[in-house]
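Heads up, start_7.csv below (CSV, C-alpha atoms):
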chain,number,residue,atom,x,y,z
D,28,MET,CA,-23.1,6.5,-19.2
D,29,ILE,CA,-20.7,6.4,-22.2
D,30,ILE,CA,-21.0,3.2,-24.3
D,31,VAL,CA,-18.1,2.3,-26.7
D,32,ASN,CA,-19.5,0.7,-29.9
D,33,LEU,CA,-16.1,-0.4,-31.2
D,34,ASP,CA,-17.3,-3.9,-32.0
D,35,VAL,CA,-19.9,-2.6,-34.3
D,36,MET,CA,-17.5,-0.4,-36.3
D,37,MET,CA,-14.9,-3.2,-36.4
D,38,ALA,CA,-17.5,-5.6,-37.9
D,39,LYS,CA,-18.5,-3.0,-40.5
D,40,ARG,CA,-14.9,-2.4,-41.5
D,41,LYS,CA,-14.2,-6.2,-41.2
D,42,MET,CA,-11.2,-5.6,-38.9
D,43,SER,CA,-10.0,-8.0,-36.2
D,44,SER,CA,-8.9,-6.9,-32.7
D,45,ASN,CA,-5.3,-7.8,-33.4
D,46,GLU,CA,-5.2,-5.8,-36.6
D,47,LEU,CA,-6.8,-2.7,-35.0
D,48,SER,CA,-4.6,-2.8,-31.9
D,49,GLU,CA,-1.5,-3.1,-34.1
D,50,LYS,CA,-2.6,-0.1,-36.3
D,51,LEU,CA,-3.6,1.8,-33.2
D,52,GLY,CA,-0.3,1.1,-31.4
D,53,ILE,CA,-1.8,-0.3,-28.2
D,54,THR,CA,-1.8,-3.7,-26.8
D,55,PRO,CA,-4.7,-6.1,-27.5
D,56,ALA,CA,-5.4,-6.1,-23.7
D,57,ASN,CA,-5.9,-2.3,-23.7
D,58,LEU,CA,-8.1,-2.5,-26.8
D,59,SER,CA,-10.2,-5.1,-24.9
D,60,ILE,CA,-10.5,-2.7,-21.9
D,61,LEU,CA,-11.9,-0.1,-24.4
D,62,LYS,CA,-14.3,-2.5,-26.1
D,63,THR,CA,-15.7,-3.9,-22.9
D,64,ASN,CA,-16.4,-0.4,-21.4
D,65,LYS,CA,-13.9,-1.0,-18.6
D,66,GLY,CA,-11.8,2.1,-19.5
D,67,LYS,CA,-11.9,5.2,-17.4
D,68,ALA,CA,-10.9,7.6,-20.2
D,69,ILE,CA,-9.8,7.8,-23.8
D,70,ARG,CA,-7.1,10.2,-25.0
D,71,PHE,CA,-8.1,12.5,-27.9
D,72,SER,CA,-5.0,11.2,-29.8
D,73,THR,CA,-6.3,7.6,-29.5
D,74,LEU,CA,-9.8,8.7,-30.5
D,75,ASP,CA,-8.4,10.6,-33.5
D,76,LYS,CA,-6.4,7.6,-34.6
D,77,LEU,CA,-9.4,5.3,-34.2
D,78,CYS,CA,-11.6,7.5,-36.4
D,79,GLU,CA,-8.8,7.6,-39.0
D,80,ILE,CA,-8.3,3.9,-39.1
D,81,LEU,CA,-12.1,3.0,-39.0
D,82,ASP,CA,-13.0,5.9,-41.3
D,83,CYS,CA,-15.8,7.1,-39.0
D,84,THR,CA,-16.7,9.9,-36.6
D,85,PRO,CA,-16.5,9.8,-32.7
D,86,GLN,CA,-20.3,9.6,-32.7
D,87,ASP,CA,-20.1,6.2,-34.5
D,88,ILE,CA,-17.8,4.9,-31.7
D,89,LEU,CA,-19.1,6.7,-28.6
D,90,GLU,CA,-22.7,6.7,-27.5
D,91,TYR,CA,-24.3,8.3,-24.4
D,92,ARG,CA,-27.0,6.4,-22.6
D,93,LYS,CA,-28.9,7.6,-19.6
D,94,GLU,CA,-28.2,5.4,-16.5
D,95,GLU,CA,-31.4,3.8,-15.0
D,96,LYS,CA,-31.4,4.5,-11.2
U,19,MET,CA,19.6,6.2,-6.5
U,20,LYS,CA,17.5,3.3,-7.7
U,21,ILE,CA,14.4,2.5,-5.6
U,22,TYR,CA,12.5,0.0,-7.7
U,23,GLY,CA,13.5,-3.4,-8.8
U,24,ASN,CA,15.7,-6.2,-7.6
U,25,LYS,CA,18.9,-4.1,-7.2
U,26,GLY,CA,17.0,-1.1,-5.8
U,27,LEU,CA,16.9,0.4,-2.3
U,28,GLY,CA,13.6,-1.3,-1.6
U,29,GLY,CA,15.1,-4.8,-2.1
U,30,PHE,CA,18.1,-3.9,0.1
U,31,LEU,CA,15.9,-2.6,2.9
U,32,LYS,CA,13.7,-5.7,2.7
U,33,ALA,CA,16.7,-8.0,3.1
U,34,LEU,CA,18.0,-5.9,6.0
U,35,LEU,CA,14.6,-5.9,7.8
U,36,GLU,CA,14.3,-9.7,7.3
U,37,ILE,CA,17.7,-10.2,9.1
U,38,VAL,CA,16.7,-7.8,12.0
U,39,PHE,CA,13.3,-9.5,12.2
U,40,THR,CA,14.9,-13.0,12.6
U,41,LEU,CA,17.4,-11.7,15.1
U,42,ILE,CA,14.7,-10.1,17.3
U,43,ILE,CA,12.7,-13.4,17.3
U,44,ILE,CA,15.8,-15.3,18.4
U,45,THR,CA,16.6,-12.7,21.1
U,46,MET,CA,13.0,-12.9,22.3
U,47,ILE,CA,13.3,-16.6,22.8
U,48,ILE,CA,16.7,-16.6,24.5
U,49,THR,CA,16.6,-13.4,26.7
U,50,PRO,CA,13.9,-14.5,29.3
U,51,PHE,CA,16.3,-17.2,30.5
U,52,VAL,CA,18.9,-14.5,31.3
U,53,TYR,CA,16.7,-11.5,32.2
U,54,ARG,CA,13.1,-12.2,33.2
U,55,LYS,CA,12.0,-8.5,33.4
U,56,VAL,CA,12.2,-8.2,29.6
U,57,ILE,CA,8.9,-10.2,29.3
U,58,PHE,CA,7.2,-7.0,30.6
U,59,PHE,CA,7.9,-5.5,27.1
U,60,TYR,CA,7.0,-8.5,25.0
U,61,PRO,CA,3.6,-7.1,23.9
U,62,ASN,CA,5.5,-4.0,22.6
U,63,ILE,CA,8.1,-6.2,20.8
U,64,ILE,CA,5.3,-8.3,19.2
U,65,CYS,CA,3.7,-5.1,17.9
U,66,LEU,CA,7.1,-3.9,16.6
U,67,LEU,CA,7.5,-7.3,14.8
U,68,ILE,CA,4.1,-6.8,13.2
U,69,ILE,CA,5.2,-3.3,12.0
U,70,MET,CA,8.4,-4.7,10.6
U,71,TYR,CA,6.6,-7.6,8.9
U,72,ALA,CA,4.3,-5.0,7.2
U,73,PHE,CA,7.3,-3.0,6.1
U,74,ILE,CA,8.9,-6.1,4.7
U,75,GLY,CA,5.8,-6.5,2.5
U,76,LEU,CA,5.9,-2.8,1.6
U,77,PHE,CA,9.6,-3.0,0.5
U,78,ASP,CA,8.8,-6.2,-1.4
U,79,SER,CA,6.2,-4.2,-3.4
U,80,LEU,CA,9.0,-1.7,-4.3
U,81,LYS,CA,11.2,-4.7,-5.3
U,82,ARG,CA,8.5,-6.0,-7.6
U,83,GLU,CA,7.8,-2.5,-8.9
U,84,GLU,CA,4.2,-2.5,-7.8
U,85,ALA,CA,4.2,0.3,-5.2
U,86,PHE,CA,0.8,1.8,-5.8
U,87,CYS,CA,-1.6,-1.1,-5.3
U,88,LYS,CA,-4.2,-2.2,-2.7
U,89,ARG,CA,-1.7,-4.6,-1.1
U,90,THR,CA,0.6,-1.7,-0.2
U,91,ILE,CA,-2.3,0.2,1.4
U,92,LYS,CA,-3.2,-2.9,3.4
U,93,LYS,CA,0.4,-3.2,4.7
U,94,ILE,CA,0.5,0.4,5.7
U,95,ASN,CA,-2.8,0.1,7.5
U,96,ILE,CA,-1.5,-3.0,9.4
U,97,ALA,CA,1.6,-1.1,10.5
U,98,ARG,CA,-0.6,1.9,11.5
U,99,ILE,CA,-2.9,-0.2,13.7
U,100,ALA,CA,0.1,-2.1,15.3
U,101,SER,CA,1.8,1.2,16.0
U,102,LEU,CA,-1.3,2.5,17.7
U,103,ILE,CA,-1.7,-0.6,19.8
U,104,CYS,CA,2.0,-0.4,20.7
U,105,SER,CA,1.6,3.2,21.9
U,106,VAL,CA,-1.3,2.0,24.2
U,107,PHE,CA,1.0,-0.7,25.7
U,108,TRP,CA,3.7,2.0,26.3
U,109,ILE,CA,1.3,4.3,28.1
U,110,ILE,CA,-0.2,1.4,30.2
U,111,GLN,CA,3.3,0.4,31.3
U,112,ALA,CA,4.2,4.0,32.1
U,113,ILE,CA,1.0,4.6,34.1
U,114,TYR,CA,1.5,1.2,35.9
U,115,ASP,CA,5.1,2.1,36.9
U,116,ILE,CA,4.5,5.7,37.8
U,117,VAL,CA,1.1,5.5,39.5
U,118,LEU,CA,0.6,1.9,40.7
U,119,ALA,CA,4.1,0.6,41.3
U,120,LYS,CA,5.3,4.1,42.2
U,121,GLY,CA,8.5,3.7,40.5
U,122,TYR,CA,9.3,0.4,42.1
U,123,ILE,CA,10.0,-1.5,38.9
U,124,TYR,CA,12.0,1.2,37.0
U,125,ASP,CA,13.6,4.5,37.9
U,126,LEU,CA,12.4,8.0,36.8
U,127,PHE,CA,14.6,8.1,33.8
U,128,PHE,CA,13.0,4.9,32.4
U,129,ASP,CA,9.5,6.3,33.2
U,130,VAL,CA,10.3,9.3,31.0
U,131,PHE,CA,11.6,6.8,28.3
U,132,LEU,CA,8.2,4.9,28.5
U,133,LEU,CA,6.3,8.2,28.0
U,134,PHE,CA,8.6,9.2,25.1
U,135,MET,CA,8.0,5.8,23.4
U,136,PHE,CA,4.2,6.3,23.8
U,137,VAL,CA,4.4,9.7,22.1
U,138,LEU,CA,6.8,8.3,19.4
U,139,PHE,CA,4.6,5.4,18.5
U,140,LEU,CA,1.4,7.5,18.5
U,141,GLY,CA,3.2,9.9,16.2
U,142,VAL,CA,4.2,7.0,13.9
U,143,SER,CA,0.6,5.8,13.8
U,144,ILE,CA,-0.6,9.3,12.8
U,145,ALA,CA,2.1,9.6,10.2
U,146,LEU,CA,1.2,6.2,8.7
U,147,TYR,CA,-2.4,7.2,8.6
U,148,ILE,CA,-1.4,10.2,6.5
U,149,LEU,CA,0.8,8.0,4.3
U,150,LYS,CA,-2.1,5.5,3.8
U,151,GLU,CA,-4.4,8.3,2.6
U,152,LEU,CA,-1.8,9.5,0.2
U,153,PHE,CA,-1.2,6.0,-1.2
U,154,ILE,CA,-5.0,5.5,-1.6
U,155,LYS,CA,-5.1,8.7,-3.7
U,156,ALA,CA,-2.0,7.7,-5.7
U,157,THR,CA,-3.4,4.2,-6.3
U,158,ASN,CA,-6.6,5.7,-7.6
U,159,TYR,CA,-4.7,8.1,-10.0
U,160,LYS,CA,-2.6,5.1,-11.2
U,161,GLU,CA,-5.6,3.0,-11.8
U,162,GLU,CA,-7.3,5.8,-13.7
U,163,ASN,CA,-4.1,6.3,-15.8
U,164,ASP,CA,-3.8,2.6,-16.5
U,165,LEU,CA,-7.4,2.5,-17.7
U,166,THR,CA,-6.9,5.6,-19.9
U,167,ILE,CA,-6.5,4.3,-23.5

What would you get if you wrote out this structure as structure tokens?
Amino acid sequence: MIIVNLDVMMAKRKMSSNELSEKLGITPANLSILKTNKGKAIRFSTLDKLCEILDCTPQDILEYRKEEK
Amino acid sequence: MKIYGNKGLGGFLKALLEIVFTLIIITMIITPFVYRKVIFFYPNIICLLIIMYAFIGLFDSLKREEAFCKRTIKKINIARIASLICSVFWIIQAIYDIVLAKGYIYDLFFDVFLLFMFVLFLGVSIALYILKELFIKATNYKEENDLTI
């Protein structure tokens, strides 16, 4: 299971959801989908832009966790 | 030609179907007083009305630009089941007239018509099943696309 740790990076960079969504060029609703792990996929272009804005690597945002069956 | 939206083909077909739907109901109420035998086909006409109602909902989805959603799949499924039931009614009526009534109620030409209507509605039911499966796939793709950030 892929976990999106966007909240953590946003807190580290002291960035609000509205500010990030504006810089990213997506709606706050779509950003919320990403933050709450409801998204099905993320485009490489979006991931690239996220890393640029938050000055981090994909590893800082995306985490793999084994699902407990 | 525009399909989606208020001024699209979907909206026009929805309005047309609504008018025909109302006219059929009025005709169903008035006709038995003039020609009683038509009551024999009322189960078929009710099924047809259900199919029309489902398609009104479907064209409404086109009008509101929400074609690929669970509501549309539900409407297609309702139309499919109603079509299947209607085909059963046609075959029962054909068998009754050919075998039991021995052509007493209707002539041979009309018996052929009954069999043709059975095949037609069975075909429509199968076609709607295929359409339903296609819409399920399309809705899943759309959902995946909507949830791709």

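All residues of protein, DNA or RNA that reach within 9 Å of D:Asp87, judged by all atoms listed in the file and not counting those fewer than 3 positions away in the chain, are Val31, Asn32, Leu33, Val35, Met36, Cys78, Cys83, Thr84 and Glu90 of chain D.
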
Once you count all atoms listed in the file, what closest atom pair and distance in Å to one decimal does each residue of chain U within 6 Å of chain D have, with rows by chain and rising residue number, as a Markdown table?
| residue | atom | partner | partner_atom | distance |
| --- | --- | --- | --- | --- |
| U:Glu162 | CA | D:Lys67 | CA | 5.9 |
| U:Leu165 | CA | D:Gly66 | CA | 4.8 |
| U:Thr166 | CA | D:Ala68 | CA | 4.5 |
| U:Ile167 | CA | D:Ile69 | CA | 4.8 |

Generate a file of the selected residues that holds C-alpha atoms, formatted as a compact mmCIF listing (two decimals), in the frame of the given file.
# COMPACT_ATOMS: atom_id res chain seq x y z
CA GLU U 162 -7.30 5.80 -13.70
CA LEU U 165 -7.40 2.50 -17.70
CA THR U 166 -6.90 5.60 -19.90
CA ILE U 167 -6.50 4.30 -23.50

* Residues at most 12 Å from D:Glu94, counting all atoms listed in the file, excluding those fewer than 5 positions away in the same chain, as a PyMOL selection string? -> chain D and resi 28-30

* Asked: So, counting only C-alpha atoms, which residue among U:Val137, U:Glu83, U:Glu151, U:Ile64 is closest to U:Ile43?
  -> U:Ile64

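Shortest atom-to-atom contact with U:Ala145 among U:Val52, U:Ala119, U:Ile94, U:Ala33: U:Ile94, counting only C-alpha atoms.
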
* Within 10 Å of D:Ala56, counting only C-alpha atoms, which residues qualify if same-chain residues fewer than 5 places away don't, as a list in words? -> Ser44, Asn45, Ser48, Leu61 and Lys62 of chain D

* Could you state the separation of atom CA of U:Phe39 and atom CA of U:Ser101 in Å, given to one decimal place? -> 16.2 Å

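Of note, atom CA of U:Leu138 and atom CA of U:Ser105 are spaced 7.7 Å apart.
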
Completion of stretch 67-93 of chain D up to N, CA and C atoms, as a PDB file, in the frame of the given file:
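Dumped everything to part.pdb:
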ATOM      1  N   LYS D  67     -11.494   4.022 -18.185  1.00  0.00           N
ATOM      2  CA  LYS D  67     -11.900   5.200 -17.400  1.00  0.00           C
ATOM      3  C   LYS D  67     -11.917   6.442 -18.327  1.00  0.00           C
ATOM      4  N   ALA D  68     -11.050   6.442 -19.322  1.00  0.00           N
ATOM      5  CA  ALA D  68     -10.900   7.600 -20.200  1.00  0.00           C
ATOM      6  C   ALA D  68     -10.236   7.196 -21.489  1.00  0.00           C
ATOM      7  N   ILE D  69     -10.442   8.020 -22.515  1.00  0.00           N
ATOM      8  CA  ILE D  69      -9.800   7.800 -23.800  1.00  0.00           C
ATOM      9  C   ILE D  69      -9.087   9.104 -24.194  1.00  0.00           C
ATOM     10  N   ARG D  70      -7.835   9.007 -24.625  1.00  0.00           N
ATOM     11  CA  ARG D  70      -7.100  10.200 -25.000  1.00  0.00           C
ATOM     12  C   ARG D  70      -7.648  10.678 -26.382  1.00  0.00           C
ATOM     13  N   PHE D  71      -7.594  11.966 -26.599  1.00  0.00           N
ATOM     14  CA  PHE D  71      -8.100  12.500 -27.900  1.00  0.00           C
ATOM     15  C   PHE D  71      -7.211  11.960 -29.029  1.00  0.00           C
ATOM     16  N   SER D  72      -5.921  11.769 -28.787  1.00  0.00           N
ATOM     17  CA  SER D  72      -5.000  11.200 -29.800  1.00  0.00           C
ATOM     18  C   SER D  72      -5.434   9.817 -30.204  1.00  0.00           C
ATOM     19  N   THR D  73      -5.855   9.014 -29.223  1.00  0.00           N
ATOM     20  CA  THR D  73      -6.300   7.600 -29.500  1.00  0.00           C
ATOM     21  C   THR D  73      -7.615   7.678 -30.283  1.00  0.00           C
ATOM     22  N   LEU D  74      -8.540   8.549 -29.864  1.00  0.00           N
ATOM     23  CA  LEU D  74      -9.800   8.700 -30.500  1.00  0.00           C
ATOM     24  C   LEU D  74      -9.643   9.167 -31.973  1.00  0.00           C
ATOM     25  N   ASP D  75      -8.721  10.108 -32.133  1.00  0.00           N
ATOM     26  CA  ASP D  75      -8.400  10.600 -33.500  1.00  0.00           C
ATOM     27  C   ASP D  75      -7.896   9.535 -34.390  1.00  0.00           C
ATOM     28  N   LYS D  76      -6.994   8.726 -33.862  1.00  0.00           N
ATOM     29  CA  LYS D  76      -6.400   7.600 -34.600  1.00  0.00           C
ATOM     30  C   LYS D  76      -7.444   6.547 -34.949  1.00  0.00           C
ATOM     31  N   LEU D  77      -8.307   6.291 -33.986  1.00  0.00           N
ATOM     32  CA  LEU D  77      -9.400   5.300 -34.200  1.00  0.00           C
ATOM     33  C   LEU D  77     -10.292   5.713 -35.323  1.00  0.00           C
ATOM     34  N   CYS D  78     -10.701   6.976 -35.320  1.00  0.00           N
ATOM     35  CA  CYS D  78     -11.600   7.500 -36.400  1.00  0.00           C
ATOM     36  C   CYS D  78     -10.910   7.442 -37.737  1.00  0.00           C
ATOM     37  N   GLU D  79      -9.606   7.677 -37.738  1.00  0.00           N
ATOM     38  CA  GLU D  79      -8.800   7.600 -39.000  1.00  0.00           C
ATOM     39  C   GLU D  79      -8.772   6.211 -39.538  1.00  0.00           C
ATOM     40  N   ILE D  80      -8.487   5.256 -38.638  1.00  0.00           N
ATOM     41  CA  ILE D  80      -8.300   3.900 -39.100  1.00  0.00           C
ATOM     42  C   ILE D  80      -9.697   3.271 -39.494  1.00  0.00           C
ATOM     43  N   LEU D  81     -10.746   3.568 -38.716  1.00  0.00           N
ATOM     44  CA  LEU D  81     -12.100   3.000 -39.000  1.00  0.00           C
ATOM     45  C   LEU D  81     -12.910   3.860 -39.941  1.00  0.00           C
ATOM     46  N   ASP D  82     -12.336   4.993 -40.352  1.00  0.00           N
ATOM     47  CA  ASP D  82     -13.000   5.900 -41.300  1.00  0.00           C
ATOM     48  C   ASP D  82     -14.429   6.236 -40.784  1.00  0.00           C
ATOM     49  N   CYS D  83     -14.478   6.815 -39.567  1.00  0.00           N
ATOM     50  CA  CYS D  83     -15.800   7.100 -39.000  1.00  0.00           C
ATOM     51  C   CYS D  83     -15.638   8.385 -38.110  1.00  0.00           C
ATOM     52  N   THR D  84     -16.712   8.770 -37.475  1.00  0.00           N
ATOM     53  CA  THR D  84     -16.700   9.900 -36.600  1.00  0.00           C
ATOM     54  C   THR D  84     -16.754   9.418 -35.117  1.00  0.00           C
ATOM     55  N   PRO D  85     -16.425  10.260 -34.135  1.00  0.00           N
ATOM     56  CA  PRO D  85     -16.500   9.800 -32.700  1.00  0.00           C
ATOM     57  C   PRO D  85     -17.930   9.373 -32.353  1.00  0.00           C
ATOM     58  N   GLN D  86     -18.911   9.969 -33.005  1.00  0.00           N
ATOM     59  CA  GLN D  86     -20.300   9.600 -32.700  1.00  0.00           C
ATOM     60  C   GLN D  86     -20.596   8.153 -33.077  1.00  0.00           C
ATOM     61  N   ASP D  87     -19.866   7.636 -34.087  1.00  0.00           N
ATOM     62  CA  ASP D  87     -20.100   6.200 -34.500  1.00  0.00           C
ATOM     63  C   ASP D  87     -19.496   5.264 -33.435  1.00  0.00           C
ATOM     64  N   ILE D  88     -18.501   5.750 -32.692  1.00  0.00           N
ATOM     65  CA  ILE D  88     -17.800   4.900 -31.700  1.00  0.00           C
ATOM     66  C   ILE D  88     -18.394   5.089 -30.296  1.00  0.00           C
ATOM     67  N   LEU D  89     -18.683   6.353 -29.947  1.00  0.00           N
ATOM     68  CA  LEU D  89     -19.100   6.700 -28.600  1.00  0.00           C
ATOM     69  C   LEU D  89     -20.600   7.034 -28.552  1.00  0.00           C
ATOM     70  N   GLU D  90     -21.300   6.456 -27.611  1.00  0.00           N
ATOM     71  CA  GLU D  90     -22.700   6.700 -27.500  1.00  0.00           C
ATOM     72  C   GLU D  90     -23.041   7.027 -26.022  1.00  0.00           C
ATOM     73  N   TYR D  91     -23.937   8.005 -25.805  1.00  0.00           N
ATOM     74  CA  TYR D  91     -24.300   8.300 -24.400  1.00  0.00           C
ATOM     75  C   TYR D  91     -25.698   7.696 -24.139  1.00  0.00           C
ATOM     76  N   ARG D  92     -25.736   6.994 -23.007  1.00  0.00           N
ATOM     77  CA  ARG D  92     -27.000   6.400 -22.600  1.00  0.00           C
ATOM     78  C   ARG D  92     -27.265   6.744 -21.150  1.00  0.00           C
ATOM     79  N   LYS D  93     -28.529   7.170 -20.922  1.00  0.00           N
ATOM     80  CA  LYS D  93     -28.900   7.600 -19.600  1.00  0.00           C
ATOM     81  C   LYS D  93     -28.908   6.369 -18.641  1.00  0.00           C
TER      82      LYS D  93
END
